[in-house]
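S.K.: mmCIF, C-alpha atoms and all ligand atoms, file start.cif:
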```
data_query
#
loop_
_atom_site.group_PDB
_atom_site.id
_atom_site.type_symbol
_atom_site.label_atom_id
_atom_site.label_comp_id
_atom_site.auth_asym_id
_atom_site.auth_seq_id
_atom_site.Cartn_x
_atom_site.Cartn_y
_atom_site.Cartn_z
ATOM 1 C CA MET A 189 70.560 -20.116 -16.551
ATOM 2 C CA ALA A 190 72.105 -22.853 -18.685
ATOM 3 C CA PRO A 191 75.800 -22.110 -18.791
ATOM 4 C CA LEU A 192 77.016 -22.397 -22.378
ATOM 5 C CA ASN A 193 79.031 -19.351 -21.444
ATOM 6 C CA GLY A 194 80.797 -18.030 -24.550
ATOM 7 C CA ARG A 195 80.795 -21.352 -26.398
ATOM 8 C CA ASP A 196 80.168 -21.853 -30.103
ATOM 9 C CA PHE A 197 77.084 -23.810 -31.148
ATOM 10 C CA LEU A 198 78.037 -25.501 -34.412
ATOM 11 C CA SER A 199 76.448 -28.907 -33.835
ATOM 12 C CA LEU A 200 73.999 -30.493 -31.409
ATOM 13 C CA ALA A 201 76.712 -33.065 -30.718
ATOM 14 C CA GLU A 202 78.551 -30.360 -28.753
ATOM 15 C CA LEU A 203 75.833 -30.321 -26.073
ATOM 16 C CA SER A 204 75.515 -32.755 -23.192
ATOM 17 C CA PRO A 205 72.105 -34.254 -22.366
ATOM 18 C CA THR A 206 71.973 -32.010 -19.281
ATOM 19 C CA GLU A 207 72.723 -28.880 -21.315
ATOM 20 C CA VAL A 208 69.909 -29.719 -23.735
ATOM 21 C CA GLN A 209 67.464 -30.206 -20.857
ATOM 22 C CA GLU A 210 68.570 -26.921 -19.255
ATOM 23 C CA LEU A 211 68.154 -25.014 -22.505
ATOM 24 C CA LEU A 212 64.662 -26.436 -23.053
ATOM 25 C CA GLN A 213 63.643 -25.660 -19.488
ATOM 26 C CA LEU A 214 64.879 -22.077 -19.850
ATOM 27 C CA ALA A 215 63.087 -21.717 -23.209
ATOM 28 C CA ILE A 216 59.805 -22.857 -21.625
ATOM 29 C CA GLN A 217 60.288 -20.446 -18.700
ATOM 30 C CA LEU A 218 61.042 -17.557 -21.050
ATOM 31 C CA LYS A 219 57.979 -18.371 -23.148
ATOM 32 C CA SER A 220 55.691 -18.346 -20.115
ATOM 33 C CA GLN A 221 57.422 -15.164 -18.880
ATOM 34 C CA GLN A 222 58.069 -16.929 -15.592
ATOM 35 C CA VAL A 223 61.613 -15.712 -16.128
ATOM 36 C CA LYS A 224 62.487 -12.305 -17.594
ATOM 37 C CA LEU A 225 66.030 -11.536 -18.642
ATOM 38 C CA ARG A 226 68.015 -8.711 -20.262
ATOM 39 C CA CYS A 227 71.018 -9.155 -22.515
ATOM 40 C CA ASN A 228 72.319 -5.929 -23.934
ATOM 41 C CA LYS A 229 74.551 -7.458 -26.641
ATOM 42 C CA ILE A 230 74.879 -7.293 -30.425
ATOM 43 C CA LEU A 231 74.121 -10.251 -32.679
ATOM 44 C CA GLY A 232 75.287 -10.390 -36.310
ATOM 45 C CA LEU A 233 73.371 -12.487 -38.863
ATOM 46 C CA LEU A 234 75.476 -13.642 -41.811
ATOM 47 C CA PHE A 235 73.102 -15.656 -43.994
ATOM 48 C CA SER A 236 74.165 -16.909 -47.433
ATOM 49 C CA LYS A 237 70.847 -18.717 -47.919
ATOM 50 C CA ALA A 238 67.249 -17.486 -47.672
ATOM 51 C CA SER A 239 65.510 -17.488 -44.293
ATOM 52 C CA THR A 240 62.219 -16.322 -42.820
ATOM 53 C CA ARG A 241 61.909 -18.079 -39.450
ATOM 54 C CA THR A 242 65.548 -18.179 -38.370
ATOM 55 C CA ARG A 243 66.264 -14.595 -39.358
ATOM 56 C CA VAL A 244 63.125 -13.126 -37.776
ATOM 57 C CA SER A 245 63.088 -15.319 -34.664
ATOM 58 C CA PHE A 246 66.731 -14.525 -33.858
ATOM 59 C CA THR A 247 66.087 -10.832 -34.448
ATOM 60 C CA VAL A 248 62.971 -10.645 -32.302
ATOM 61 C CA ALA A 249 64.540 -12.775 -29.560
ATOM 62 C CA MET A 250 67.512 -10.416 -29.353
ATOM 63 C CA TYR A 251 65.306 -7.286 -29.404
ATOM 64 C CA GLN A 252 63.113 -8.702 -26.643
ATOM 65 C CA LEU A 253 66.231 -9.298 -24.556
ATOM 66 C CA GLY A 254 67.176 -5.650 -25.035
ATOM 67 C CA GLY A 255 69.998 -6.399 -27.464
ATOM 68 C CA GLN A 256 70.511 -5.422 -31.077
ATOM 69 C CA VAL A 257 70.914 -7.219 -34.392
ATOM 70 C CA ILE A 258 72.838 -6.425 -37.566
ATOM 71 C CA ASP A 259 71.780 -8.239 -40.717
ATOM 72 C CA LEU A 260 75.055 -8.762 -42.592
ATOM 73 C CA ASN A 261 73.540 -9.475 -46.000
ATOM 74 C CA PRO A 262 76.444 -11.146 -47.881
ATOM 75 C CA ASN A 263 75.528 -9.198 -51.028
ATOM 76 C CA LEU A 264 76.062 -5.903 -49.217
ATOM 77 C CA THR A 265 79.297 -6.914 -47.518
ATOM 78 C CA GLN A 266 82.672 -7.915 -48.961
ATOM 79 C CA VAL A 267 81.766 -11.560 -48.348
ATOM 80 C CA SER A 268 80.161 -11.809 -51.809
ATOM 81 C CA ARG A 269 83.328 -10.303 -53.361
ATOM 82 C CA GLY A 270 85.396 -13.131 -51.951
ATOM 83 C CA GLU A 271 86.981 -11.648 -48.820
ATOM 84 C CA PRO A 272 88.520 -14.681 -47.100
ATOM 85 C CA VAL A 273 86.488 -16.185 -44.283
ATOM 86 C CA GLN A 274 89.485 -15.928 -41.925
ATOM 87 C CA ASP A 275 89.648 -12.164 -42.488
ATOM 88 C CA THR A 276 85.908 -11.519 -42.237
ATOM 89 C CA ALA A 277 85.777 -13.571 -39.040
ATOM 90 C CA ARG A 278 88.606 -11.640 -37.357
ATOM 91 C CA VAL A 279 87.045 -8.282 -38.251
ATOM 92 C CA LEU A 280 83.439 -9.085 -37.256
ATOM 93 C CA ASP A 281 84.866 -10.465 -34.039
ATOM 94 C CA ARG A 282 85.893 -6.950 -33.019
ATOM 95 C CA TYR A 283 82.433 -5.407 -33.547
ATOM 96 C CA LEU A 284 79.936 -8.063 -32.520
ATOM 97 C CA ASP A 285 79.229 -10.125 -29.399
ATOM 98 C CA VAL A 286 77.864 -13.189 -31.219
ATOM 99 C CA LEU A 287 77.511 -14.258 -34.846
ATOM 100 C CA ALA A 288 74.842 -16.559 -36.343
ATOM 101 C CA ILE A 289 75.807 -17.997 -39.729
ATOM 102 C CA ARG A 290 73.703 -19.747 -42.377
ATOM 103 C CA THR A 291 75.792 -21.222 -45.148
ATOM 104 C CA PHE A 292 76.488 -24.325 -47.234
ATOM 105 C CA ALA A 293 79.603 -26.085 -45.918
ATOM 106 C CA GLN A 294 79.992 -26.992 -42.247
ATOM 107 C CA ALA A 295 83.742 -26.524 -42.871
ATOM 108 C CA GLU A 296 83.177 -22.815 -43.587
ATOM 109 C CA LEU A 297 81.268 -22.456 -40.330
ATOM 110 C CA LYS A 298 84.145 -24.152 -38.504
ATOM 111 C CA THR A 299 86.639 -21.772 -40.097
ATOM 112 C CA PHE A 300 84.557 -18.800 -38.903
ATOM 113 C CA ALA A 301 84.492 -20.280 -35.417
ATOM 114 C CA LYS A 302 88.230 -20.902 -35.468
ATOM 115 C CA TYR A 303 89.127 -17.330 -36.403
ATOM 116 C CA ALA A 304 86.387 -15.432 -34.528
ATOM 117 C CA LYS A 305 86.871 -15.280 -30.774
ATOM 118 C CA ILE A 306 83.204 -14.456 -30.267
ATOM 119 C CA PRO A 307 80.696 -17.344 -30.121
ATOM 120 C CA VAL A 308 79.466 -18.583 -33.507
ATOM 121 C CA ILE A 309 76.027 -20.190 -33.907
ATOM 122 C CA ASN A 310 75.015 -22.583 -36.695
ATOM 123 C CA ALA A 311 71.850 -21.083 -38.214
ATOM 124 C CA LEU A 312 71.813 -23.952 -40.795
ATOM 125 C CA THR A 313 74.426 -25.607 -42.947
ATOM 126 C CA ASP A 314 74.125 -28.480 -45.418
ATOM 127 C CA LEU A 315 75.104 -30.787 -42.536
ATOM 128 C CA GLU A 316 73.049 -29.564 -39.584
ATOM 129 C CA HIS A 317 70.240 -27.296 -38.371
ATOM 130 C CA PRO A 318 70.692 -27.452 -34.576
ATOM 131 C CA CYS A 319 68.635 -24.345 -33.655
ATOM 132 C CA GLN A 320 65.627 -25.894 -35.404
ATOM 133 C CA ILE A 321 65.880 -29.066 -33.361
ATOM 134 C CA LEU A 322 65.951 -27.164 -30.044
ATOM 135 C CA ALA A 323 62.554 -25.692 -30.978
ATOM 136 C CA ASP A 324 61.292 -29.100 -32.114
ATOM 137 C CA LEU A 325 62.248 -30.753 -28.827
ATOM 138 C CA MET A 326 60.629 -27.887 -26.924
ATOM 139 C CA THR A 327 57.390 -28.395 -28.890
ATOM 140 C CA ILE A 328 57.424 -32.141 -28.142
ATOM 141 C CA GLN A 329 58.145 -31.510 -24.434
ATOM 142 C CA GLU A 330 55.228 -29.051 -24.233
ATOM 143 C CA ARG A 331 52.786 -31.508 -25.833
ATOM 144 C CA PHE A 332 53.826 -34.762 -24.145
ATOM 145 C CA GLY A 333 55.302 -33.414 -20.889
ATOM 146 C CA GLN A 334 58.341 -35.631 -21.513
ATOM 147 C CA LEU A 335 60.891 -36.488 -24.189
ATOM 148 C CA SER A 336 62.292 -39.847 -23.163
ATOM 149 C CA ASP A 337 60.593 -43.067 -24.269
ATOM 150 C CA LEU A 338 58.877 -41.407 -27.236
ATOM 151 C CA THR A 339 59.483 -42.386 -30.859
ATOM 152 C CA LEU A 340 60.008 -39.832 -33.609
ATOM 153 C CA THR A 341 59.784 -40.850 -37.264
ATOM 154 C CA TYR A 342 61.287 -38.544 -39.858
ATOM 155 C CA LEU A 343 60.228 -39.267 -43.441
ATOM 156 C CA GLY A 344 61.990 -38.016 -46.576
ATOM 157 C CA ASP A 345 65.414 -36.722 -47.476
ATOM 158 C CA GLY A 346 68.259 -37.567 -45.069
ATOM 159 C CA ASN A 347 69.281 -33.918 -44.932
ATOM 160 C CA ASN A 348 70.552 -31.355 -42.401
ATOM 161 C CA VAL A 349 67.316 -31.488 -40.380
ATOM 162 C CA ALA A 350 67.397 -35.310 -40.300
ATOM 163 C CA ASN A 351 71.027 -35.233 -39.139
ATOM 164 C CA SER A 352 70.338 -32.817 -36.288
ATOM 165 C CA LEU A 353 67.134 -34.657 -35.321
ATOM 166 C CA MET A 354 69.078 -37.889 -34.838
ATOM 167 C CA LEU A 355 71.497 -36.119 -32.497
ATOM 168 C CA GLY A 356 68.725 -34.263 -30.650
ATOM 169 C CA CYS A 357 66.620 -37.378 -30.117
ATOM 170 C CA ALA A 358 69.637 -39.379 -28.935
ATOM 171 C CA LEU A 359 70.525 -36.623 -26.451
ATOM 172 C CA VAL A 360 67.064 -36.635 -24.853
ATOM 173 C CA GLY A 361 66.523 -40.398 -24.845
ATOM 174 C CA MET A 362 64.004 -40.569 -27.684
ATOM 175 C CA ASN A 363 63.924 -43.297 -30.346
ATOM 176 C CA VAL A 364 64.411 -41.921 -33.843
ATOM 177 C CA ARG A 365 63.601 -43.632 -37.141
ATOM 178 C CA ILE A 366 64.710 -42.049 -40.404
ATOM 179 C CA ALA A 367 62.625 -43.381 -43.290
ATOM 180 C CA THR A 368 64.266 -42.642 -46.615
ATOM 181 C CA SER A 369 65.143 -44.042 -49.997
ATOM 182 C CA HIS A 370 68.441 -45.845 -50.604
ATOM 183 C CA GLY A 371 71.118 -43.283 -51.484
ATOM 184 C CA TYR A 372 69.474 -40.467 -49.477
ATOM 185 C CA GLU A 373 70.355 -41.657 -45.979
ATOM 186 C CA PRO A 374 71.530 -39.131 -43.397
ATOM 187 C CA ASN A 375 75.246 -38.415 -43.013
ATOM 188 C CA ALA A 376 77.012 -41.639 -41.949
ATOM 189 C CA MET A 377 79.311 -39.841 -39.496
ATOM 190 C CA VAL A 378 76.329 -38.187 -37.787
ATOM 191 C CA VAL A 379 74.506 -41.544 -37.593
ATOM 192 C CA GLU A 380 77.548 -42.897 -35.748
ATOM 193 C CA GLN A 381 77.655 -39.858 -33.444
ATOM 194 C CA ALA A 382 73.941 -40.226 -32.650
ATOM 195 C CA ARG A 383 74.319 -43.957 -31.934
ATOM 196 C CA ALA A 384 77.295 -43.258 -29.679
ATOM 197 C CA ILE A 385 75.186 -40.731 -27.733
ATOM 198 C CA ALA A 386 72.212 -43.140 -27.557
ATOM 199 C CA LYS A 387 74.502 -45.904 -26.176
ATOM 200 C CA ASN A 388 72.005 -48.633 -27.163
ATOM 201 C CA LYS A 389 69.521 -47.209 -24.639
ATOM 202 C CA THR A 390 67.420 -45.783 -27.476
ATOM 203 C CA GLN A 391 67.320 -46.610 -31.170
ATOM 204 C CA VAL A 392 68.659 -44.618 -34.109
ATOM 205 C CA SER A 393 67.235 -46.521 -37.100
ATOM 206 C CA ILE A 394 67.503 -45.943 -40.841
ATOM 207 C CA ILE A 395 64.584 -47.643 -42.601
ATOM 208 C CA GLN A 396 63.383 -47.714 -46.218
ATOM 209 C CA ASP A 397 59.810 -48.812 -45.535
ATOM 210 C CA ALA A 398 57.747 -45.693 -44.714
ATOM 211 C CA GLN A 399 54.817 -47.666 -43.270
ATOM 212 C CA ALA A 400 56.993 -49.792 -40.983
ATOM 213 C CA ALA A 401 58.839 -46.668 -39.797
ATOM 214 C CA THR A 402 55.593 -44.821 -39.022
ATOM 215 C CA GLU A 403 53.863 -47.607 -37.099
ATOM 216 C CA GLY A 404 53.116 -46.501 -33.527
ATOM 217 C CA ALA A 405 55.311 -43.371 -33.738
ATOM 218 C CA ASN A 406 54.492 -40.426 -31.448
ATOM 219 C CA ILE A 407 55.958 -37.711 -33.643
ATOM 220 C CA ILE A 408 55.861 -37.682 -37.447
ATOM 221 C CA TYR A 409 58.264 -35.193 -39.027
ATOM 222 C CA THR A 410 59.187 -34.196 -42.545
ATOM 223 C CA ASP A 411 61.101 -31.567 -44.508
ATOM 224 C CA VAL A 412 61.440 -30.578 -48.159
ATOM 225 C CA TRP A 413 62.737 -33.181 -50.607
ATOM 226 C CA ALA A 414 65.197 -30.707 -52.171
ATOM 227 C CA SER A 415 67.016 -28.428 -49.740
ATOM 228 C CA MET A 416 68.438 -25.001 -50.509
ATOM 229 C CA GLY A 417 71.132 -25.464 -53.134
ATOM 230 C CA GLN A 418 69.481 -28.662 -54.512
ATOM 231 C CA GLU A 419 66.521 -27.016 -56.240
ATOM 232 C CA SER A 420 67.678 -28.136 -59.709
ATOM 233 C CA GLN A 421 67.379 -31.789 -58.582
ATOM 234 C CA ALA A 422 63.748 -31.403 -57.469
ATOM 235 C CA SER A 423 62.153 -33.064 -60.511
ATOM 236 C CA ASN A 424 64.400 -36.131 -60.128
ATOM 237 C CA ARG A 425 63.868 -36.328 -56.383
ATOM 238 C CA ASN A 426 60.074 -35.965 -56.259
ATOM 239 C CA PRO A 427 59.186 -39.468 -57.572
ATOM 240 C CA ILE A 428 61.875 -41.049 -55.362
ATOM 241 C CA PHE A 429 60.415 -39.548 -52.176
ATOM 242 C CA GLN A 430 56.711 -39.940 -53.067
ATOM 243 C CA PRO A 431 56.325 -43.064 -50.825
ATOM 244 C CA TYR A 432 57.506 -40.926 -47.884
ATOM 245 C CA GLN A 433 54.803 -38.252 -48.208
ATOM 246 C CA ILE A 434 52.961 -37.569 -44.935
ATOM 247 C CA ASN A 435 49.312 -37.990 -45.870
ATOM 248 C CA THR A 436 46.236 -39.060 -43.910
ATOM 249 C CA GLN A 437 46.691 -42.714 -44.828
ATOM 250 C CA LEU A 438 50.255 -42.760 -43.471
ATOM 251 C CA LEU A 439 49.362 -40.706 -40.403
ATOM 252 C CA ASN A 440 46.705 -43.286 -39.491
ATOM 253 C CA ILE A 441 49.483 -45.859 -38.993
ATOM 254 C CA ALA A 442 51.133 -43.691 -36.301
ATOM 255 C CA ASP A 443 50.037 -43.606 -32.665
ATOM 256 C CA LYS A 444 46.513 -42.178 -32.392
ATOM 257 C CA ASP A 445 47.839 -39.200 -30.379
ATOM 258 C CA ALA A 446 50.758 -38.580 -32.729
ATOM 259 C CA ILE A 447 51.708 -35.031 -33.644
ATOM 260 C CA VAL A 448 52.996 -33.805 -36.990
ATOM 261 C CA LEU A 449 55.987 -31.477 -37.254
ATOM 262 C CA HIS A 450 57.632 -29.750 -40.224
ATOM 263 C CA CYS A 451 60.466 -27.247 -39.919
ATOM 264 C CA LEU A 452 58.933 -25.165 -42.763
ATOM 265 C CA PRO A 453 58.879 -23.865 -45.437
ATOM 266 C CA ALA A 454 56.621 -26.710 -46.668
ATOM 267 C CA HIS A 455 55.844 -27.852 -50.203
ATOM 268 C CA ARG A 456 52.219 -28.886 -49.821
ATOM 269 C CA GLY A 457 51.325 -31.815 -52.038
ATOM 270 C CA GLU A 458 54.929 -33.020 -52.007
ATOM 271 C CA GLU A 459 56.385 -34.071 -48.624
ATOM 272 C CA ILE A 460 53.127 -33.289 -46.763
ATOM 273 C CA THR A 461 49.507 -32.938 -47.852
ATOM 274 C CA ASP A 462 47.469 -29.810 -47.273
ATOM 275 C CA GLU A 463 45.018 -31.880 -45.209
ATOM 276 C CA VAL A 464 47.730 -33.063 -42.793
ATOM 277 C CA ILE A 465 49.553 -29.759 -42.340
ATOM 278 C CA GLU A 466 46.222 -28.024 -41.660
ATOM 279 C CA GLY A 467 44.879 -30.959 -39.624
ATOM 280 C CA SER A 468 44.331 -31.245 -35.880
ATOM 281 C CA GLN A 469 47.524 -33.268 -35.311
ATOM 282 C CA SER A 470 49.765 -30.619 -36.861
ATOM 283 C CA LEU A 471 51.757 -28.440 -34.442
ATOM 284 C CA VAL A 472 53.814 -26.681 -37.096
ATOM 285 C CA TRP A 473 52.830 -23.139 -36.078
ATOM 286 C CA GLU A 474 53.651 -23.742 -32.390
ATOM 287 C CA GLN A 475 56.904 -25.298 -33.589
ATOM 288 C CA ALA A 476 57.728 -22.186 -35.650
ATOM 289 C CA GLU A 477 56.904 -19.913 -32.694
ATOM 290 C CA ASN A 478 59.199 -21.953 -30.470
ATOM 291 C CA ARG A 479 62.173 -21.072 -32.676
ATOM 292 C CA MET A 480 62.081 -17.653 -30.991
ATOM 293 C CA HIS A 481 61.863 -18.960 -27.423
ATOM 294 C CA ALA A 482 64.494 -21.663 -27.915
ATOM 295 C CA GLN A 483 66.944 -19.253 -29.543
ATOM 296 C CA LYS A 484 66.343 -16.693 -26.812
ATOM 297 C CA ALA A 485 67.361 -19.354 -24.296
ATOM 298 C CA LEU A 486 70.393 -20.200 -26.424
ATOM 299 C CA LEU A 487 71.496 -16.548 -26.642
ATOM 300 C CA VAL A 488 71.077 -16.039 -22.908
ATOM 301 C CA SER A 489 72.967 -19.214 -22.178
ATOM 302 C CA ILE A 490 75.870 -18.261 -24.446
ATOM 303 C CA LEU A 491 76.010 -14.527 -23.671
ATOM 304 C CA GLY A 492 74.766 -14.370 -20.100
ATOM 305 C CA ALA A 493 71.900 -12.132 -18.967
ATOM 306 C CA GLU A 494 70.601 -10.143 -16.028
ATOM 307 C CA GLU A 495 67.243 -9.862 -14.347
ATOM 308 C CA PRO A 496 65.602 -6.561 -15.406
HETATM 309 N N1 LIG A 501 62.884 -23.666 -40.552
HETATM 310 C C1 LIG A 501 63.705 -22.664 -40.934
HETATM 311 O O1 LIG A 501 64.898 -22.632 -40.635
HETATM 312 O O2 LIG A 501 63.073 -21.702 -41.665
HETATM 313 P P1 LIG A 501 63.785 -20.524 -42.436
HETATM 314 O O3 LIG A 501 64.545 -21.132 -43.582
HETATM 315 O O4 LIG A 501 62.638 -19.667 -42.915
HETATM 316 O O5 LIG A 501 64.702 -19.796 -41.503
HETATM 317 N N1 LIG A 502 66.491 -28.851 -45.336
HETATM 318 C C1 LIG A 502 66.036 -27.511 -45.592
HETATM 319 C C2 LIG A 502 65.664 -26.833 -44.316
HETATM 320 C C3 LIG A 502 65.135 -25.451 -44.475
HETATM 321 C C4 LIG A 502 64.807 -24.792 -43.167
HETATM 322 C C5 LIG A 502 67.110 -26.740 -46.333
HETATM 323 O O1 LIG A 502 68.287 -26.873 -45.975
HETATM 324 O O2 LIG A 502 66.777 -26.034 -47.279
#
```
What is this file in C-alpha cells?
M.R.:
Amino acid sequence: MAPLNGRDFLSLAELSPTEVQELLQLAIQLKSQQVKLRCNKILGLLFSKASTRTRVSFTVAMYQLGGQVIDLNPNLTQVSRGEPVQDTARVLDRYLDVLAIRTFAQAELKTFAKYAKIPVINALTDLEHPCQILADLMTIQERFGQLSDLTLTYLGDGNNVANSLMLGCALVGMNVRIATSHGYEPNAMVVEQARAIAKNKTQVSIIQDAQAATEGANIIYTDVWASMGQESQASNRNPIFQPYQINTQLLNIADKDAIVLHCLPAHRGEEITDEVIEGSQSLVWEQAENRMHAQKALLVSILGAEEP
C-alpha cells in the first residue's frame, strides 16, 4: 500500500516520483481486483463548483471500500452564508476522516488544510486538478505499458488541468508540450515547479504552434476553453483557441498509435470534434472510469486499509 498516511493532497508537486508510481500500481491492482481492501472511514465532499465524475467516482470508491460519504452541498451548509473557512475546517475535522474540496482559490484549499487536522484532498481548484491527472497517467500506463519516454501534447487553455498535467508528466518522466495562445499559458510558478522536477531529463515546453506541438506525440489531450467560473468569457475565448481544436487533421500529425484524452465534460465542436472524441483513438471513457480506481488508491493510501 502506498504510504501517504494521513497527508493532504493539495498539489501533485507534493508527491515524489516513487509515490506516484506506487499509487498508479495500487490503482491498477484495485481495478483488476487483484487486491481487495476495506476502509471503514467517512469522506466529506465540499464542492463549490459542479461535478459529475469527481463527485460520483469519489462516492463509489468510498462505498466500495466499505466507507461512507457525506455530500456537504455548500448551499445547504453555513458555508454559503459566509462561515469562515477556519471555523468550518475545525468543525468538519471533528466529524470526518477525510475531506475532498472543489473550489476556486488554491489559497482557500490551503486554509482548509491548515485548520483541519484531517487530510484534505484537492478535488479541483482554479490552479490544479491533481486527482484527474492520477487517472490520466493510469490510463496511459494501461495503454502503453510505460510512462517514461512518451510525449504528451495538451492543446488549449493553460488551465488547472494543464498545470497538473505538467507536474504529473514531469514526475513520471514523460515529455509534455502545452500548446496555447499567447496570454493563456499555464501558471508560471507551476511551469517552474514542473521543470525543477523534470531536471532537464524530460521536456516541459510551452508552444504556440499547435501543429509543431502535435507532431509525433503519443498522447493528445484537451480540456474546455472556458473553465468553471470563466463561462462569461467563452465567446471571446472561442476564436482564440480555434487553432488548438483536436480534429482529424491535427490528430493525423501525431504518432500513428496516439491516444486522445479529455478530462470531460467536453464541448464537442469546440476543443474537440465529435469525430475524434467518438473515434478509435479516443480513450476518454476508460479515462473517466479510472477516476474511480485512482481515487480509491489515493483514499487507501491516505487513510490506510485492511484486507477483508
Ligand atoms: N473531469 C472532472 O473533474 O469532471 P467533473 O467536473 O464532472 O467532476
Ligand atoms: N478546466 C475545467 C476542468 C473541469 C473538470 C474546469 O476547471 O472547469
S.K.: Here's a test: counting all atoms listed in the file, identify every protein, DNA and RNA residue with an atom at most 8 Å from (59.2, -41.8, -47.9) in the file's coordinate frame, and state them as a list in words.
M.R.: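 Here is the list of nearby residues: Leu343, Gly344, Ala367, Thr368, Ser369, Gln396, Asp397, Ala398, Ile428, Phe429, Gln430, Pro431, Tyr432 and Gln433 of chain A.
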S.K.: Using all atoms listed in the file, tabulate the residues of chain A lying at most 6 Å from any atom of ligand LIG 501 (chain A), each with its closest atom pair and that distance in Å to one decimal, by chain and increasing residue number, as CSV.
M.R.:
```
residue,atom,partner,partner_atom,distance
A:Ser239,CA,A:LIG501,O5,3.7
A:Thr240,CA,A:LIG501,O4,3.4
A:Arg241,CA,A:LIG501,O5,3.9
A:Thr242,CA,A:LIG501,O5,3.6
A:Arg243,CA,A:LIG501,O5,5.8
A:Cys451,CA,A:LIG501,N1,4.4
A:Leu452,CA,A:LIG501,N1,4.8
```
S.K.: Tell me, as a PDB file with C-alpha atoms, in the coordinates of the input, which residues lie within 12 Å of range 247-262 of chain A, counting only C-alpha atoms; anything in the same chain fewer than 5 positions away does not count.
M.R.:
```
ATOM      1  CA  ALA A 215      63.087 -21.717 -23.209  1.00  0.00           C
ATOM      2  CA  LEU A 218      61.042 -17.557 -21.050  1.00  0.00           C
ATOM      3  CA  LYS A 219      57.979 -18.371 -23.148  1.00  0.00           C
ATOM      4  CA  GLN A 221      57.422 -15.164 -18.880  1.00  0.00           C
ATOM      5  CA  VAL A 223      61.613 -15.712 -16.128  1.00  0.00           C
ATOM      6  CA  LYS A 224      62.487 -12.305 -17.594  1.00  0.00           C
ATOM      7  CA  LEU A 225      66.030 -11.536 -18.642  1.00  0.00           C
ATOM      8  CA  ARG A 226      68.015  -8.711 -20.262  1.00  0.00           C
ATOM      9  CA  CYS A 227      71.018  -9.155 -22.515  1.00  0.00           C
ATOM     10  CA  ASN A 228      72.319  -5.929 -23.934  1.00  0.00           C
ATOM     11  CA  LYS A 229      74.551  -7.458 -26.641  1.00  0.00           C
ATOM     12  CA  ILE A 230      74.879  -7.293 -30.425  1.00  0.00           C
ATOM     13  CA  LEU A 231      74.121 -10.251 -32.679  1.00  0.00           C
ATOM     14  CA  GLY A 232      75.287 -10.390 -36.310  1.00  0.00           C
ATOM     15  CA  LEU A 233      73.371 -12.487 -38.863  1.00  0.00           C
ATOM     16  CA  LEU A 234      75.476 -13.642 -41.811  1.00  0.00           C
ATOM     17  CA  PHE A 235      73.102 -15.656 -43.994  1.00  0.00           C
ATOM     18  CA  SER A 236      74.165 -16.909 -47.433  1.00  0.00           C
ATOM     19  CA  LYS A 237      70.847 -18.717 -47.919  1.00  0.00           C
ATOM     20  CA  ALA A 238      67.249 -17.486 -47.672  1.00  0.00           C
ATOM     21  CA  SER A 239      65.510 -17.488 -44.293  1.00  0.00           C
ATOM     22  CA  THR A 240      62.219 -16.322 -42.820  1.00  0.00           C
ATOM     23  CA  ARG A 241      61.909 -18.079 -39.450  1.00  0.00           C
ATOM     24  CA  THR A 242      65.548 -18.179 -38.370  1.00  0.00           C
ATOM     25  CA  VAL A 267      81.766 -11.560 -48.348  1.00  0.00           C
ATOM     26  CA  SER A 268      80.161 -11.809 -51.809  1.00  0.00           C
ATOM     27  CA  ARG A 269      83.328 -10.303 -53.361  1.00  0.00           C
ATOM     28  CA  GLY A 270      85.396 -13.131 -51.951  1.00  0.00           C
ATOM     29  CA  GLU A 271      86.981 -11.648 -48.820  1.00  0.00           C
ATOM     30  CA  VAL A 273      86.488 -16.185 -44.283  1.00  0.00           C
ATOM     31  CA  THR A 276      85.908 -11.519 -42.237  1.00  0.00           C
ATOM     32  CA  LEU A 280      83.439  -9.085 -37.256  1.00  0.00           C
ATOM     33  CA  TYR A 283      82.433  -5.407 -33.547  1.00  0.00           C
ATOM     34  CA  LEU A 284      79.936  -8.063 -32.520  1.00  0.00           C
ATOM     35  CA  ASP A 285      79.229 -10.125 -29.399  1.00  0.00           C
ATOM     36  CA  VAL A 286      77.864 -13.189 -31.219  1.00  0.00           C
ATOM     37  CA  LEU A 287      77.511 -14.258 -34.846  1.00  0.00           C
ATOM     38  CA  ALA A 288      74.842 -16.559 -36.343  1.00  0.00           C
ATOM     39  CA  ILE A 289      75.807 -17.997 -39.729  1.00  0.00           C
ATOM     40  CA  ARG A 290      73.703 -19.747 -42.377  1.00  0.00           C
ATOM     41  CA  THR A 291      75.792 -21.222 -45.148  1.00  0.00           C
ATOM     42  CA  GLU A 477      56.904 -19.913 -32.694  1.00  0.00           C
ATOM     43  CA  ASN A 478      59.199 -21.953 -30.470  1.00  0.00           C
ATOM     44  CA  ARG A 479      62.173 -21.072 -32.676  1.00  0.00           C
ATOM     45  CA  MET A 480      62.081 -17.653 -30.991  1.00  0.00           C
ATOM     46  CA  HIS A 481      61.863 -18.960 -27.423  1.00  0.00           C
ATOM     47  CA  ALA A 482      64.494 -21.663 -27.915  1.00  0.00           C
ATOM     48  CA  GLN A 483      66.944 -19.253 -29.543  1.00  0.00           C
ATOM     49  CA  LYS A 484      66.343 -16.693 -26.812  1.00  0.00           C
ATOM     50  CA  ALA A 485      67.361 -19.354 -24.296  1.00  0.00           C
ATOM     51  CA  LEU A 486      70.393 -20.200 -26.424  1.00  0.00           C
ATOM     52  CA  LEU A 487      71.496 -16.548 -26.642  1.00  0.00           C
ATOM     53  CA  VAL A 488      71.077 -16.039 -22.908  1.00  0.00           C
ATOM     54  CA  LEU A 491      76.010 -14.527 -23.671  1.00  0.00           C
ATOM     55  CA  GLY A 492      74.766 -14.370 -20.100  1.00  0.00           C
ATOM     56  CA  ALA A 493      71.900 -12.132 -18.967  1.00  0.00           C
ATOM     57  CA  GLU A 494      70.601 -10.143 -16.028  1.00  0.00           C
ATOM     58  CA  GLU A 495      67.243  -9.862 -14.347  1.00  0.00           C
ATOM     59  CA  PRO A 496      65.602  -6.561 -15.406  1.00  0.00           C
TER      60      PRO A 496
END
```
S.K.: Any residue with an atom at most 7 Å from ligand LIG 502 (chain A) counts, using all atoms listed in the file. Which are they? Put them as a PyMOL selection string.
M.R.: chain A and resi 312-314+347-349+411-412+414-416+451-453
S.K.: Between CA of Ala277 in chain A and CA of Thr265 in chain A, measure the distance and give it in Å to one decimal.
M.R.: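 Going from CA of Ala277 in chain A over to CA of Thr265 in chain A covers 12.6 Å.
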